[in-house]
Amino acid sequence: MRLFTTFILLALSTSMMAQRYMSREATIEFEAGTGLEPIEAITNAASAAYDESNSQIAFQVLMTTFQFEKKLMREHFLENYVESEKFPKASFKGTYNNGTISGDLTIHGITKSIEVPGELTIDSGNATLTAAFSVLTADYGIEIPSVVKDKVAKSANIKVSANLKAL
Amino acid sequence: MYRKLLAFVLFITALTASAQEDLFDLFEDSEKPTELVYATFKGTRLINGQTLETPGGGVAQYIISHRFGSFSDRYFYNFMGLDNAQIRMQMDYGITDRLNIGAGRSSVLKVSDAFIKYRLLRQKTGANSFPFSLTLNSSVNYRGADYTDGFNHHNSDRLSYSNLAILGRKFNQKLSLQAAIGAVHWNLVPSPQDQNTIGVISFGGRYKLTNRMALTSEYSISTNTGVSNETLHFNPISVGIDVETGGHVFQFHLGNVRSMSDPYWLTRNPYNPTAGQLYLGFNISRVFTIRD
């Protein structure tokens, strides 16, 4: 009997673990052009996780995984704007609640609270998460030098989508 | 008793497992991806010498370089040397991320040159890290200027070559160092005592002052023991500043160098820095993405 209880509890503890979903292939894209020249990048190598028990969401992305059309643009992005050697990752930690994602977004070593519209659906062991929002680069201490301010927008439009698998 | 305890522990685990652990912990076991180190140097030239960098596949680059007149030569009369400018233009293209070819023309002795550059080894970080980069560079140079020695010269007399292996490392975000080792070959030397083949080693570095500005320096030594006027040589030494704005890199520098074709400045540099034969100069590069 005791063995049985132990087994049930063990099963329970594993099943509660399984309320988590995760992906290492989440897509994040952003766009920060002014129309003069397309400035956009995409990565399919972001990590994302969702915990159903408390509605927590976490995202993490290595800045070096962002792909640009122009090699030099990537180099400038990494070296001059996000300073990837000092701040290799961007991350988000927050919660999903009824079409709204709120929490702390960290870019360039600076953390800000954000609240953005998002969508989360769970279907047969998969969770799909999407969000689109924009951030002001100045909020994250990313300076845009005056010589390129015609080309680089003050805000970046970010799109996130992830297909998470149950753990 | 033991089982009760175990059951209790498991019960607590069941309750707290998902709530307590940080979601970020899930991400940690992923292996750090291997990444190529980027921007060891801002430009494909440091000051006079080639860096280990190439422009990247599908990218064309235009470089215009000037070396002004000497400090010791009526400096203000010659408008700080600007009246006596030497020029070199270069156009080059990245066939792949590793392979780069280009051509240049310098006003010093009307030298035309062509070069091929290949990034053999690249510094990497992450799972399969690699500590340094190695780039090979070869140039062929044709002297267009008339000879004044009264002889008829074959075209082959006008040719000189440089072959360099450039070894370098980005130590951190600010500091990058490189050493280029190789040889220069002259098809024609003025006297039998002058060497046709001369060994060279060039040291260079950059230290970033801000995100878009860096201090650069370069010093080269050679085995040149030339005895003729033409083969007189002082070791080239230069200091400079790199300024980057979007697709341009501006490099301003001061050194005892005026020739900009590799064999010439590496082994036939007649300017004595201690006698005030120092020259201001600049390189400006612009890149164009031709294909993605």
# chains A, B, ... in the order shown; residues from 1 in each chain; ligands from 1

call {"tool": "select_by_dssp", "arguments": {"residues": "range 49-143 of chain A", "states": "strand (DSSP E or B)", "output": "JSON, numbers by chain"}}
result
{"A": [49, 50, 51, 56, 57, 58, 59, 60, 61, 62, 67, 68, 89, 90, 91, 92, 93, 94, 95, 96, 97, 100, 101, 102, 103, 104, 105, 106, 107, 110, 111, 112, 113, 114, 115, 116, 117, 118, 119, 120, 121, 122, 123, 126, 127, 128, 129, 130, 131, 132, 133, 134, 135, 136]}

call {"tool": "write_last_selection", "arguments": {"atoms": "C-alpha atoms", "output": "CSV table (one decimal), in the first residue's frame"}}
result
chain,number,residue,atom,x,y,z
A,49,ALA,CA,9.4,27.8,-22.3
A,50,TYR,CA,5.9,27.9,-20.8
A,51,ASP,CA,4.8,26.6,-17.5
A,56,GLN,CA,5.0,31.7,-16.6
A,57,ILE,CA,6.8,32.4,-19.9
A,58,ALA,CA,10.5,32.6,-20.5
A,59,PHE,CA,12.4,33.5,-23.6
A,60,GLN,CA,16.1,33.6,-24.3
A,61,VAL,CA,18.1,34.4,-27.4
A,62,LEU,CA,21.7,34.6,-28.3
A,67,GLN,CA,20.7,36.6,-39.4
A,68,PHE,CA,20.8,39.7,-41.6
A,89,LYS,CA,21.7,37.3,-24.6
A,90,ALA,CA,18.4,39.0,-24.6
A,91,SER,CA,15.7,37.4,-22.4
A,92,PHE,CA,12.2,37.7,-21.3
A,93,LYS,CA,10.5,36.4,-18.2
A,94,GLY,CA,6.9,37.0,-17.4
A,95,THR,CA,3.4,35.6,-17.5
A,96,TYR,CA,0.6,35.0,-19.9
A,97,ASN,CA,-2.8,36.1,-19.0
A,100,THR,CA,-1.7,39.7,-22.6
A,101,ILE,CA,2.0,38.9,-21.9
A,102,SER,CA,3.6,40.9,-19.2
A,103,GLY,CA,7.0,40.7,-17.6
A,104,ASP,CA,10.6,41.8,-17.8
A,105,LEU,CA,12.4,42.2,-21.1
A,106,THR,CA,16.2,42.3,-21.0
A,107,ILE,CA,18.1,43.6,-24.0
A,110,ILE,CA,18.9,46.6,-19.4
A,111,THR,CA,15.7,45.2,-18.0
A,112,LYS,CA,12.3,46.9,-18.6
A,113,SER,CA,8.8,45.9,-17.7
A,114,ILE,CA,6.6,45.4,-20.7
A,115,GLU,CA,3.0,44.5,-21.3
A,116,VAL,CA,2.1,43.4,-24.8
A,117,PRO,CA,-0.7,41.5,-26.6
A,118,GLY,CA,0.1,37.9,-27.3
A,119,GLU,CA,-1.6,34.7,-28.0
A,120,LEU,CA,-1.1,31.3,-26.5
A,121,THR,CA,-2.9,28.1,-27.5
A,122,ILE,CA,-2.4,24.6,-26.2
A,123,ASP,CA,-3.4,21.7,-28.3
A,126,ASN,CA,1.9,21.5,-28.1
A,127,ALA,CA,1.8,25.1,-27.1
A,128,THR,CA,1.9,27.8,-29.7
A,129,LEU,CA,2.9,31.3,-28.6
A,130,THR,CA,2.9,34.4,-30.7
A,131,ALA,CA,3.4,38.1,-30.0
A,132,ALA,CA,4.1,41.2,-31.9
A,133,PHE,CA,5.2,44.5,-30.3
A,134,SER,CA,7.7,47.3,-30.5
A,135,VAL,CA,10.3,48.6,-28.2
A,136,LEU,CA,12.2,51.9,-28.1

call {"tool": "residues_around", "arguments": {"residues": "Tyr264 in chain B", "least_positions_apart": "4", "cutoff": "12 Å", "atoms": "only C-alpha atoms", "output": "PyMOL selection string"}}
result
chain B and resi 48-49+106+108-113+139-143+159-162+184-186+198+200+222+224+230-236+257-260+268-271

call {"tool": "residues_around", "arguments": {"residues": "Ala162 in chain A", "least_positions_apart": "6", "cutoff": "9 Å", "atoms": "only C-alpha atoms", "output": "number ranges by chain"}}
result
A: 22-28, 46-48, 127-130

call {"tool": "write_last_selection", "arguments": {"atoms": "C-alpha atoms", "output": "compact mmCIF listing (two decimals), in the first residue's frame"}}
result
# COMPACT_ATOMS: atom_id res chain seq x y z
CA MET A 22 9.65 24.18 -24.34
CA SER A 23 11.32 24.90 -27.66
CA ARG A 24 14.85 25.73 -28.75
CA GLU A 25 13.71 26.74 -32.20
CA ALA A 26 11.54 29.72 -31.48
CA THR A 27 11.49 32.44 -34.12
CA ILE A 28 12.19 36.06 -33.33
CA ALA A 46 15.67 31.24 -29.61
CA SER A 47 14.71 29.22 -26.54
CA ALA A 48 11.20 29.49 -25.17
CA ALA A 127 1.75 25.09 -27.06
CA THR A 128 1.86 27.84 -29.67
CA LEU A 129 2.88 31.28 -28.61
CA THR A 130 2.90 34.42 -30.72

call {"tool": "select_by_dssp", "arguments": {"residues": "range 21-135 of chain A", "states": "helix (DSSP H, G or I)", "output": "list in words"}}
result
Met63, Thr64, Thr65, Lys71, Leu72, Met73, Arg74, Glu75, His76, Phe77, Leu78, Glu79, Asn80 and Tyr81 of chain A

call {"tool": "residues_around", "arguments": {"residues": "Pro88 in chain A", "least_positions_apart": "5", "cutoff": "10 Å", "atoms": "only C-alpha atoms", "output": "PyMOL selection string"}}
result
chain A and resi 61-64+78+82-83+107-109

call {"tool": "write_last_selection", "arguments": {"atoms": "N, CA and C atoms", "output": "compact mmCIF listing (two decimals), in the first residue's frame"}}
result
# COMPACT_ATOMS: atom_id res chain seq x y z
N VAL A 61 17.48 34.45 -26.09
CA VAL A 61 18.07 34.36 -27.44
C VAL A 61 19.50 34.88 -27.42
N LEU A 62 20.36 34.16 -28.12
CA LEU A 62 21.74 34.63 -28.31
C LEU A 62 21.74 35.64 -29.45
N MET A 63 22.29 36.81 -29.20
CA MET A 63 22.25 37.87 -30.22
C MET A 63 22.97 37.45 -31.50
N THR A 64 24.01 36.62 -31.35
CA THR A 64 24.79 36.20 -32.53
C THR A 64 23.99 35.31 -33.48
N LEU A 78 25.86 43.64 -33.87
CA LEU A 78 26.49 42.95 -32.74
C LEU A 78 27.51 43.83 -32.03
N VAL A 82 24.04 46.22 -29.99
CA VAL A 82 23.68 45.40 -28.81
C VAL A 82 24.90 44.94 -28.02
N GLU A 83 26.10 45.19 -28.53
CA GLU A 83 27.35 44.83 -27.85
C GLU A 83 27.32 43.38 -27.35
N ILE A 107 17.33 43.50 -22.75
CA ILE A 107 18.12 43.63 -23.98
C ILE A 107 19.30 44.53 -23.65
N HIS A 108 20.48 44.19 -24.13
CA HIS A 108 21.64 45.06 -23.96
C HIS A 108 21.92 45.30 -22.47
N GLY A 109 21.59 44.27 -21.66
CA GLY A 109 21.87 44.36 -20.22
C GLY A 109 20.90 45.22 -19.43

call {"tool": "residues_around", "arguments": {"residues": "Gly43 in chain B", "least_positions_apart": "3", "cutoff": "12 Å", "atoms": "only C-alpha atoms", "output": "number ranges by chain"}}
result
A: 72; B: 38-40, 46-56, 61-63, 206, 214, 216, 241-244, 247-251, 283-287

call {"tool": "residues_around", "arguments": {"residues": "Val239 in chain B", "least_positions_apart": "4", "cutoff": "8 Å", "atoms": "only C-alpha atoms", "output": "PyMOL selection string"}}
result
chain B and resi 47+215-218+253-255

call {"tool": "atom_distance", "arguments": {"atom1": "CA of Asn256 in chain B", "atom2": "CA of Asp83 in chain B"}}
result
17.3 Å

call {"tool": "residues_around", "arguments": {"residues": "range 116-130 of chain B", "least_positions_apart": "2", "cutoff": "6 Å", "atoms": "only C-alpha atoms", "output": "ChimeraX atom specification"}}
result
/B:32-37,98-101,132-138

call {"tool": "closest_residue", "arguments": {"among": "A:Asn44, A:Thr137, A:Asn98, A:Ser55", "to": "Asn157 in chain A", "atoms": "only C-alpha atoms"}}
result
A:Thr137
